[in-house]
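One file, run.txt, carrying compact mmCIF, C-alpha atoms:
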# COMPACT_ATOMS: atom_id res chain seq x y z
CA MET A 1 79.67 249.88 262.15
CA ARG A 2 76.54 250.86 260.27
CA LEU A 3 78.60 251.69 257.19
CA LEU A 4 80.20 248.22 257.38
CA PHE A 5 76.82 246.53 257.53
CA LYS A 6 75.59 248.60 254.60
CA SER A 7 78.67 247.72 252.49
CA ALA A 8 78.38 244.04 253.38
CA PHE A 9 74.70 244.05 252.48
CA ALA A 10 75.34 245.82 249.18
CA LEU A 11 78.13 243.34 248.31
CA VAL A 12 75.91 240.37 249.18
CA ILE A 13 73.21 241.71 246.86
CA VAL A 14 75.75 242.37 244.06
CA PHE A 15 77.29 238.90 244.29
CA MET A 16 73.88 237.26 244.53
CA SER A 17 72.86 239.07 241.35
CA PHE A 18 76.03 237.91 239.59
CA ILE A 19 75.47 234.29 240.65
CA SER A 20 71.79 234.46 239.65
CA VAL A 21 72.67 235.83 236.22
CA ILE A 22 75.33 233.12 235.72
CA ARG A 23 72.98 230.36 236.89
CA ALA A 24 70.03 231.69 234.92
CA ARG A 25 71.81 231.28 231.58
CA PRO A 26 70.26 228.37 229.75
CA TYR A 27 72.67 225.44 229.41
CA SER A 28 71.73 223.70 226.23
CA ASP A 29 73.49 220.52 225.22
CA ASN A 30 70.74 219.40 222.84
CA ASP A 31 72.94 219.76 219.75
CA PHE A 32 75.74 217.76 221.31
CA ARG A 33 73.34 215.21 222.78
CA SER A 34 71.55 214.50 219.49
CA PHE A 35 74.79 214.38 217.49
CA PHE A 36 76.86 212.17 219.80
CA LEU A 37 74.43 209.96 221.67
CA PRO A 38 72.79 207.03 219.89
CA PRO A 39 69.12 207.31 218.92
CA GLU A 40 66.75 204.99 220.80
CA ASP A 41 66.56 202.52 217.92
CA CYS A 42 70.34 202.04 217.71
CA LEU A 43 72.01 199.87 220.34
CA LYS A 44 75.28 201.05 221.89
CA PRO A 45 77.91 201.42 220.66
CA CYS A 46 76.33 203.58 217.99
CA TRP A 47 77.11 206.94 216.45
CA GLN A 48 74.91 208.36 213.71
CA GLY A 49 73.68 204.84 212.95
CA ILE A 50 77.23 203.46 212.63
CA ARG A 51 77.92 200.65 215.09
CA PRO A 52 81.60 199.81 215.75
CA GLY A 53 82.03 196.05 215.57
CA ASN A 54 78.98 195.62 213.30
CA THR A 55 78.73 198.18 210.51
CA THR A 56 80.64 197.27 207.33
CA ILE A 57 82.89 199.70 205.46
CA ASN A 58 80.34 200.07 202.63
CA GLU A 59 77.46 200.75 205.03
CA ALA A 60 79.53 203.35 206.90
CA VAL A 61 80.54 205.11 203.67
CA MET A 62 76.89 205.17 202.57
CA ILE A 63 75.85 206.77 205.88
CA LEU A 64 78.60 209.37 205.51
CA GLU A 65 77.69 210.10 201.90
CA THR A 66 74.02 210.63 202.70
CA SER A 67 74.74 212.73 205.79
CA ALA A 68 74.49 216.49 205.83
CA TRP A 69 77.83 216.93 207.56
CA ALA A 70 80.50 214.81 205.78
CA GLN A 71 82.44 215.47 202.58
CA ASN A 72 85.71 214.39 200.92
CA ILE A 73 85.36 210.83 202.24
CA VAL A 74 88.59 208.86 201.87
CA VAL A 75 88.85 205.11 202.45
CA ASP A 76 92.23 203.43 202.85
CA LYS A 77 93.36 200.06 204.24
CA ARG A 78 93.26 201.13 207.84
CA LYS A 79 90.66 203.85 208.12
CA ILE A 80 87.90 206.01 206.65
CA SER A 81 88.31 209.75 207.05
CA TRP A 82 86.17 212.70 206.08
CA LEU A 83 86.04 216.48 206.29
CA TRP A 84 83.16 218.40 207.83
CA ARG A 85 80.56 220.51 206.06
CA GLY A 86 77.21 222.14 206.66
CA ASN A 87 74.99 220.66 209.30
CA HIS A 88 77.07 219.70 212.30
CA PRO A 89 76.88 220.96 215.87
CA GLU A 90 79.19 223.77 216.92
CA SER A 91 80.99 221.37 219.22
CA VAL A 92 82.64 219.58 216.28
CA ASP A 93 86.22 220.61 215.60
CA THR A 94 85.89 221.17 211.85
CA ASP A 95 89.64 221.69 211.39
CA THR A 96 90.27 218.03 212.16
CA PRO A 97 88.92 215.22 209.95
CA GLY A 98 86.65 212.58 211.44
CA THR A 99 88.10 209.07 211.44
CA MET A 100 86.79 205.51 211.56
CA TYR A 101 89.26 202.68 212.01
CA ILE A 102 88.67 199.44 210.11
CA SER A 103 89.17 195.85 211.20
CA ASN A 104 87.95 192.73 209.35
CA ASN A 105 85.97 194.82 206.85
CA ARG A 106 83.99 196.42 209.67
CA ILE A 107 84.21 199.67 211.59
CA ALA A 108 86.30 199.05 214.72
CA ALA A 109 86.31 202.51 216.30
CA ILE A 110 85.17 206.06 215.56
CA ILE A 111 87.04 209.23 216.47
CA VAL A 112 85.03 212.43 216.49
CA PRO A 113 87.12 215.60 216.91
CA ILE A 114 85.42 218.12 219.18
CA ASN A 115 86.11 221.51 220.67
CA VAL A 116 84.48 220.81 224.04
CA ALA A 117 86.48 221.09 227.25
CA PHE A 118 87.24 218.01 229.37
CA GLY A 119 85.35 219.62 232.24
CA ASP A 120 82.19 220.08 230.17
CA LEU A 121 82.40 216.51 228.93
CA GLN A 122 82.67 215.23 232.48
CA LEU A 123 79.59 217.29 233.37
CA PHE A 124 77.80 215.75 230.42
CA PHE A 125 78.85 212.10 230.79
CA GLY A 126 79.36 212.07 234.57
CA GLN A 127 82.29 210.53 236.38
CA PRO A 128 84.14 207.92 234.36
CA ARG A 129 84.59 204.39 235.73
CA TRP A 130 88.21 204.12 234.62
CA ARG A 131 91.10 206.37 233.79
CA SER A 132 94.66 206.00 232.63
CA ALA A 133 97.50 208.45 232.71
CA GLY A 134 101.11 208.47 231.71
CA LYS A 135 104.00 210.88 231.32
CA PHE A 136 106.23 210.88 228.28
CA ASN A 137 109.06 213.36 227.94
CA HIS A 138 107.28 216.69 228.47
CA ASN A 139 103.75 215.44 227.87
CA VAL A 140 101.03 214.00 230.06
CA SER A 141 98.55 211.64 228.45
CA VAL A 142 95.16 211.13 230.13
CA GLN A 143 92.23 208.86 229.23
CA PHE A 144 88.82 208.76 230.88
CA THR A 145 86.80 205.66 230.03
CA TYR A 146 83.03 205.15 230.13
CA PRO A 147 82.47 201.42 229.55
CA HIS A 148 78.67 201.66 229.44
CA GLU A 149 78.94 204.24 226.67
CA TYR A 150 81.87 202.43 224.97
CA LEU A 151 83.64 205.78 225.11
CA THR A 152 87.16 206.93 225.80
CA LEU A 153 88.06 210.61 226.16
CA SER A 154 91.72 210.99 225.35
CA VAL A 155 93.99 214.01 225.67
CA ARG A 156 97.68 214.76 225.57
CA LEU A 157 98.97 217.90 227.24
CA GLU A 158 102.28 219.62 227.48
CA CYS A 159 103.93 220.16 230.85
CA PRO A 160 103.94 222.35 232.87
CA MET A 161 100.21 222.18 233.34
CA ASN A 162 97.78 223.14 236.07
CA ILE A 163 94.34 221.83 236.93
CA VAL A 164 92.56 224.63 235.04
CA SER A 165 94.38 223.90 231.80
CA PHE A 166 93.61 220.22 232.30
CA TRP A 167 89.83 220.77 232.59
CA ASN A 168 89.91 223.24 229.70
CA ALA A 169 91.78 220.85 227.41
CA GLN A 170 89.81 219.45 224.48
CA PRO A 171 90.04 215.68 224.27
CA GLU A 172 89.17 213.45 221.36
CA ILE A 173 86.17 211.15 221.70
CA VAL A 174 86.82 207.54 220.74
CA ILE A 175 83.80 205.23 220.36
CA ASN A 176 85.01 201.64 220.65
CA SER A 177 83.41 198.37 219.62
CA MET A 178 84.03 196.92 223.08
CA PRO A 179 84.04 198.55 226.51
CA ALA A 180 87.48 199.24 227.90
CA ALA A 181 88.98 199.61 231.35
CA GLY A 182 92.01 201.16 232.98
CA MET A 183 92.77 202.22 236.52
CA PRO A 184 89.74 202.79 238.75
CA TYR A 185 88.80 206.47 238.56
CA THR A 186 89.45 208.61 241.61
CA THR A 187 88.46 212.24 242.01
CA ASN A 188 92.01 212.92 243.16
CA ILE A 189 93.79 213.96 239.98
CA GLU A 190 97.21 213.09 241.32
CA PHE A 191 98.57 212.33 237.86
CA LEU A 192 98.89 216.09 237.25
CA LYS A 193 101.76 215.93 239.72
CA ASN A 194 103.67 213.98 237.06
CA CYS A 195 104.35 217.31 235.43
CA MET B 1 71.03 169.88 298.19
CA ILE B 2 71.36 166.58 296.33
CA ALA B 3 69.01 167.79 293.63
CA LYS B 4 71.12 170.92 293.10
CA TRP B 5 74.31 168.87 292.91
CA PHE B 6 72.63 166.52 290.42
CA LEU B 7 71.48 169.45 288.26
CA ASN B 8 75.00 170.97 288.28
CA ALA B 9 76.52 167.66 287.26
CA ILE B 10 74.13 167.33 284.30
CA LEU B 11 74.80 170.91 283.26
CA LEU B 12 78.55 170.40 283.48
CA LYS B 13 78.38 167.17 281.52
CA THR B 14 76.23 168.79 278.78
CA ALA B 15 78.60 171.77 278.59
CA LEU B 16 81.59 169.43 278.34
CA ILE B 17 79.97 167.34 275.62
CA LEU B 18 79.00 170.47 273.65
CA THR B 19 82.48 171.93 274.06
CA VAL B 20 84.10 168.73 272.78
CA LEU B 21 81.60 168.55 269.92
CA PHE B 22 82.14 172.15 268.80
CA THR B 23 85.90 171.83 269.19
CA LEU B 24 85.72 168.80 266.91
CA PHE B 25 83.66 170.71 264.35
CA ILE B 26 86.03 173.67 264.37
CA THR B 27 89.06 171.37 264.17
CA LEU B 28 87.50 169.57 261.21
CA ILE B 29 86.72 172.83 259.43
CA ARG B 30 90.19 174.22 260.11
CA ALA B 31 91.89 170.95 259.15
CA GLN B 32 90.51 171.10 255.61
CA PRO B 33 93.37 172.02 253.30
CA TYR B 34 92.89 175.55 251.83
CA GLU B 35 93.53 175.03 248.16
CA ASN B 36 94.60 178.30 246.61
CA SER B 37 97.44 177.20 244.33
CA GLU B 38 95.54 178.33 241.22
CA LEU B 39 94.77 181.73 242.71
CA ARG B 40 98.37 182.04 243.86
CA ALA B 41 99.65 181.20 240.36
CA PHE B 42 97.30 183.78 238.88
CA LEU B 43 97.97 186.67 241.26
CA ILE B 44 101.52 186.24 242.48
CA PRO B 45 104.32 186.72 239.96
CA SER B 46 107.10 184.18 239.58
CA ASP B 47 110.36 184.82 241.45
CA ASP B 48 112.09 186.11 238.32
CA CYS B 49 109.54 188.88 237.71
CA ILE B 50 109.40 191.80 240.12
CA SER B 51 105.99 193.33 240.95
CA PRO B 52 104.04 194.76 239.25
CA CYS B 53 104.04 191.70 237.03
CA TRP B 54 101.48 189.35 235.56
CA GLN B 55 102.54 186.50 233.29
CA GLY B 56 105.82 188.32 232.61
CA ILE B 57 104.14 191.61 231.64
CA ARG B 58 105.31 194.61 233.65
CA PRO B 59 103.43 197.95 233.54
CA GLY B 60 105.83 200.79 232.78
CA GLU B 61 108.35 198.44 231.24
CA THR B 62 107.06 195.83 228.78
CA ASP B 63 106.54 197.22 225.28
CA VAL B 64 103.68 196.18 222.98
CA PHE B 65 105.86 193.79 220.99
CA GLY B 66 106.91 192.05 224.19
CA VAL B 67 103.29 191.90 225.36
CA MET B 68 102.12 190.38 222.07
CA GLU B 69 104.86 187.73 222.23
CA LEU B 70 104.16 186.87 225.87
CA LEU B 71 100.40 186.63 225.37
CA LYS B 72 100.65 184.60 222.16
CA VAL B 73 102.71 181.86 223.84
CA ASN B 74 100.62 181.85 227.01
CA LYS B 75 98.55 178.64 227.21
CA TRP B 76 95.75 180.47 229.05
CA ILE B 77 95.18 182.69 226.00
CA SER B 78 93.81 181.74 222.59
CA THR B 79 93.69 184.96 220.57
CA VAL B 80 95.26 188.37 221.00
CA PHE B 81 93.85 191.60 219.53
CA PHE B 82 95.82 194.78 218.98
CA GLU B 83 93.80 198.02 218.85
CA ASN B 84 95.58 201.24 218.02
CA TYR B 85 92.56 203.43 217.27
CA SER B 86 93.75 206.84 218.31
CA THR B 87 95.54 209.82 216.86
CA PHE B 88 97.96 209.41 219.75
CA SER B 89 100.30 206.44 219.88
CA ASN B 90 98.19 204.60 222.40
CA GLY B 91 95.55 201.87 222.44
CA TYR B 92 94.49 198.53 223.83
CA ILE B 93 95.57 194.93 223.63
CA ARG B 94 92.80 192.46 224.41
CA TRP B 95 92.72 188.70 224.46
CA ASN B 96 90.38 185.71 224.48
CA TRP B 97 90.90 183.11 227.17
CA SER B 98 91.60 179.54 226.06
CA SER B 99 90.03 176.39 227.51
CA LEU B 100 93.21 175.97 229.60
CA ARG B 101 92.56 179.21 231.47
CA PRO B 102 92.51 179.08 235.28
CA SER B 103 89.07 178.74 236.84
CA VAL B 104 89.44 182.19 238.41
CA VAL B 105 88.54 183.76 235.06
CA SER B 106 85.49 183.01 232.96
CA GLY B 107 85.78 182.32 229.23
CA ASP B 108 83.96 185.50 228.25
CA GLY B 109 85.47 187.64 231.01
CA SER B 110 86.66 190.98 229.70
CA ASN B 111 90.22 192.20 229.89
CA ASN B 112 92.42 194.80 228.31
CA LEU B 113 95.89 196.20 228.48
CA TRP B 114 96.37 199.92 227.93
CA PHE B 115 99.58 201.02 226.21
CA ASP B 116 100.86 204.49 225.52
CA GLU B 117 103.98 205.34 223.53
CA ASN B 118 104.22 201.57 222.97
CA ILE B 119 104.73 200.87 226.69
CA THR B 120 102.25 199.00 228.92
CA GLN B 121 100.63 201.45 231.35
CA ASN B 122 98.12 199.23 233.12
CA PHE B 123 96.03 196.16 232.51
CA TYR B 124 92.74 194.94 233.75
CA VAL B 125 91.30 191.45 234.14
CA GLU B 126 87.71 190.66 235.10
CA THR B 127 87.85 187.66 237.45
CA GLN B 128 85.66 185.30 239.44
CA ILE B 129 87.88 185.76 242.49
CA HIS B 130 86.06 186.63 245.69
CA PHE B 131 87.32 189.61 247.64
CA GLY B 132 87.64 187.35 250.70
CA ASP B 133 89.99 185.00 248.83
CA VAL B 134 92.21 187.90 247.77
CA TRP B 135 92.31 189.03 251.41
CA LEU B 136 93.25 185.52 252.56
CA LEU B 137 96.06 185.31 250.01
CA LEU B 138 97.49 188.84 249.98
CA GLY B 139 96.28 190.07 253.36
CA LYS B 140 94.42 193.30 254.04
CA PRO B 141 94.88 195.92 251.30
CA ASP B 142 97.26 198.72 252.27
CA TRP B 143 94.47 201.22 251.72
CA PHE B 144 91.02 201.57 250.23
CA ASN B 145 89.52 204.13 247.91
CA ILE B 146 85.77 204.10 248.43
CA HIS B 147 83.26 205.63 246.06
CA ARG B 148 79.63 205.86 247.07
CA SER B 149 76.99 206.52 244.45
CA TYR B 150 73.26 206.33 245.17
CA ASN B 151 72.79 202.98 246.87
CA ARG B 152 75.94 201.31 245.57
CA ILE B 153 79.50 201.29 246.74
CA ARG B 154 82.67 200.80 244.73
CA VAL B 155 85.68 199.57 246.65
CA ASP B 156 89.25 199.77 245.34
CA GLY B 157 91.63 197.82 247.56
CA VAL B 158 95.22 198.86 246.88
CA TYR B 159 98.15 196.48 247.43
CA GLN B 160 101.33 198.50 247.55
CA ASP B 161 103.86 195.64 247.32
CA GLN B 162 102.11 193.89 244.47
CA VAL B 163 101.31 197.27 242.79
CA LEU B 164 97.80 196.12 242.00
CA ILE B 165 94.26 197.23 242.69
CA VAL B 166 91.39 194.91 243.52
CA THR B 167 88.12 196.58 242.62
CA PHE B 168 84.48 195.61 243.00
CA ASP B 169 81.10 197.23 243.04
CA ILE B 170 78.15 196.05 245.16
CA PRO B 171 74.81 197.38 246.35
CA CYS B 172 74.68 198.88 249.83
CA TYR B 173 72.64 197.55 252.71
CA GLN B 174 73.67 193.95 252.14
CA SER B 175 75.06 191.49 254.65
CA VAL B 176 78.77 191.57 255.39
CA SER B 177 79.16 188.28 253.54
CA ARG B 178 78.36 190.12 250.30
CA PHE B 179 81.63 192.01 250.68
CA TRP B 180 83.64 188.84 251.12
CA LEU B 181 81.87 187.09 248.25
CA ALA B 182 82.02 190.06 245.84
CA LYS B 183 83.67 189.12 242.56
CA THR B 184 86.64 191.32 241.85
CA ASP B 185 88.38 192.87 238.89
CA ILE B 186 92.14 193.13 239.16
CA VAL B 187 94.16 196.03 237.74
CA TRP B 188 97.94 195.91 237.56
CA VAL B 189 99.30 199.44 237.41
CA LYS B 190 102.48 201.40 236.84
CA ASP B 191 101.75 204.03 239.50
CA LEU B 192 99.54 203.54 242.52
CA PRO B 193 96.55 205.85 243.05
CA ALA B 194 96.55 208.41 245.86
CA GLU B 195 96.22 206.98 249.35
CA GLY B 196 92.67 206.62 250.65
CA THR B 197 91.39 205.24 253.92
CA ARG B 198 93.17 202.51 255.87
CA SER B 199 90.02 201.61 257.76
CA ASP B 200 88.60 198.25 256.76
CA ASN B 201 85.11 199.05 258.01
CA LEU B 202 83.69 198.86 254.50
CA VAL B 203 80.13 198.29 255.64
CA ALA B 204 80.21 201.65 257.43
CA SER B 205 81.00 203.35 254.11
CA CYS B 206 77.49 202.49 253.00
CA ARG B 207 75.87 204.38 255.87
I'd like the structure from this file rewritten - as structure tokens, please.
Amino acid sequence: MRLLFKSAFALVIVFMSFISVIRARPYSDNDFRSFFLPPEDCLKPCWQGIRPGNTTINEAVMILETSAWAQNIVVDKRKISWLWRGNHPESVDTDTPGTMYISNNRIAAIIVPINVAFGDLQLFFGQPRWRSAGKFNHNVSVQFTYPHEYLTLSVRLECPMNIVSFWNAQPEIVINSMPAAGMPYTTNIEFLKNC
Amino acid sequence: MIAKWFLNAILLKTALILTVLFTLFITLIRAQPYENSELRAFLIPSDDCISPCWQGIRPGETDVFGVMELLKVNKWISTVFFENYSTFSNGYIRWNWSSLRPSVVSGDGSNNLWFDENITQNFYVETQIHFGDVWLLLGKPDWFNIHRSYNRIRVDGVYQDQVLIVTFDIPCYQSVSRFWLAKTDIVWVKDLPAEGTRSDNLVASCR
């Protein structure tokens, strides 16, 4: 009996130490926060001074050209795209070009490729107000929408899929000119059953 | 003895007069025609369109080309916008309401339809419809999904037959009438969300 108590006590201490070490690690999202969230003097929607619905193509190109993180800027009829260089946060997926869609000579939406997991983004932005999900062939498509931030997180995953792979998936961030809606968000992720 | 009889007679007469008076009031109130034809036309699909359906658009079935055609000829709608700003084949269709819109939507009320792989998945319309009026027309929702955050409550009322969700958000600790008068957003969906509570004691959810 005494041995049991001793073992239990030792295990409690060990697990407590593990949890303390895990919890004690500093969680810094400063890089992500300063890169993705609008500065105080730029009204939402705003990313790096570019405001979907307001900023013209020329203004957006100028911001990209003077930035420390964009290169090889290409403008076509439908969109502006660029490759990444130098000064960008680690959370940017540098293998994928950034994209801004154009409508009526203005920026309509911005897509920033990131390598941040869905779960971390939900921790950062909180629970979305809306979500949409659909199944197509062997894929599940999921969108979480934050109307106050003008943001949509969008991901497409291959079936079969479990809840861990869903939260670890890396969505794209779309910054829209207008807030969007979908189905009311529920914490019950029943759409994974579609797989 | 006579005094007691007299008092009883007066009491009875007063009670009778009050009863007749209140019956008249209630009859008058109840006799007023409940005019909900506009709400009915907005929420309930025509006989030739099976639910979920709004103005001929069916989530899970109508493709974006069909949606654009239906919205462009709809007298309630003035302009339609197509937004396909994604690396996936999905996006939004939005519209501006025309001056001929029903009074249950305001001119600047937001709306959007979400499509994926060119098929309508769900669509959302911000309305001026009171939750109480939806209840009167469609009955009690089949279930509720309740979300409490800080001192607010978000209620999603799910109608299984109509395959739609009525959603609204109000502060807690208000009178019950606030629930009935809450302005709702309506979402027509392809698949219903998971079943929540069937209890309609929404005020208790705030406690």
Find the residues of chain A that sit at most 9 Å from chain B; for each, write down the nearest two atoms and how far apart they are in Å, to one decimal. Count only C-alpha atoms. Sort by chain, then by number going up, and give it as CSV.
residue,atom,partner,partner_atom,distance
A:Met100,CA,B:Tyr85,CA,8.4
A:Tyr101,CA,B:Tyr85,CA,6.3
A:Ala108,CA,B:Tyr85,CA,8.1
A:Ala109,CA,B:Tyr85,CA,6.4
A:Ile110,CA,B:Tyr85,CA,8.0
A:Ile111,CA,B:Ser86,CA,7.4
A:Ser132,CA,B:Gln121,CA,7.6
A:Ala133,CA,B:Gln121,CA,7.8
A:Gly134,CA,B:Gln121,CA,7.0
A:Phe136,CA,B:Glu117,CA,7.6
A:Ser141,CA,B:Asp116,CA,8.1
A:Ser154,CA,B:Ser86,CA,8.4
A:Val155,CA,B:Phe88,CA,8.5
A:Arg156,CA,B:Phe88,CA,7.9
A:Glu172,CA,B:Ser86,CA,8.6
A:Val174,CA,B:Ser86,CA,7.4
A:Asn176,CA,B:Tyr85,CA,8.5
A:Pro179,CA,B:Ser110,CA,8.6
A:Ala180,CA,B:Asn112,CA,6.7
A:Ala181,CA,B:Tyr124,CA,6.5
A:Gly182,CA,B:Tyr124,CA,6.3
A:Met183,CA,B:Val187,CA,6.5
A:Pro184,CA,B:Asp156,CA,7.3
A:Tyr185,CA,B:Pro193,CA,9.0
A:Thr186,CA,B:Asn145,CA,7.7
A:Asn188,CA,B:Ala194,CA,6.9
A:Ile189,CA,B:Ala194,CA,8.5
A:Glu190,CA,B:Ala194,CA,6.6
A:Phe191,CA,B:Pro193,CA,8.5
To one decimal in Å, tell me the separation between CA of Glu69 (chain B) and CA of Ile93 (chain B).
->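 Result for CA of Glu69 (chain B) versus CA of Ile93 (chain B): 11.8 Å, one decimal.
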Nearby residues (all atoms listed in the file) at most 10 Å from His148 (chain A), same-chain spacing under 3 positions excluded, as a count of residues only | 9
Record the distance separating CA of Met161 (chain A) and CA of Phe118 (chain A), expressed in Å with one decimal.
-> 14.2 Å
Gln170 (chain A) proximity check over A:Leu3, A:Tyr150, A:Thr187, A:Ala117, using all atoms listed in the file: winner is A:Ala117
Between A:Thr94, A:Phe144, A:Pro113, A:Asp29, which is the closest to Gln127 (chain A) once you count all atoms listed in the file?
->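 Ranked by minimum distance to Gln127 (chain A), first place goes to A:Phe144.
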Tell me, in Å to one decimal, how far CA of Glu158 (chain A) is from CA of Phe124 (chain A).
->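 So the answer is 25.0 Å.
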Hey, can you pull every residue with an atom no more than 10 Å from (88.9, 203.5, 206.6), using all atoms listed in the file, and send it as a PyMOL selection string?
-> chain A and resi 57+60-61+73-82+99-103+105-108
Grab all the atoms of region 75-92 of chain B that the file lists, wrap them in a box along x, y and z, add 5 Å per side, and give me centre plus edge lengths in Å (one decimal) as lines of an AutoDock Vina configuration file.
center_x = 96.4
center_y = 194.2
center_z = 223.0
size_x = 17.7
size_y = 41.2
size_z = 22.2
Which residue gives the smallest distance to Ile129 (chain B) among B:Ser98, B:Ser103, B:Thr14, B:Ser37, with only C-alpha atoms counted?
->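 Checking each of B:Ser98, B:Ser103, B:Thr14, B:Ser37 against Ile129 (chain B), counting only C-alpha atoms, the winner is B:Ser103.
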Neighbour residues at most 8 Å from (72.9, 203.5, 217.1) (all atoms listed in the file) as an MDAnalysis selection string = chainID A and resid 38:51
Find, counting all atoms listed in the file, the residue in B:Phe131, B:Phe179, B:Trp5, B:Trp95 that gets nearest to Cys206 (chain B).
-> B:Phe179
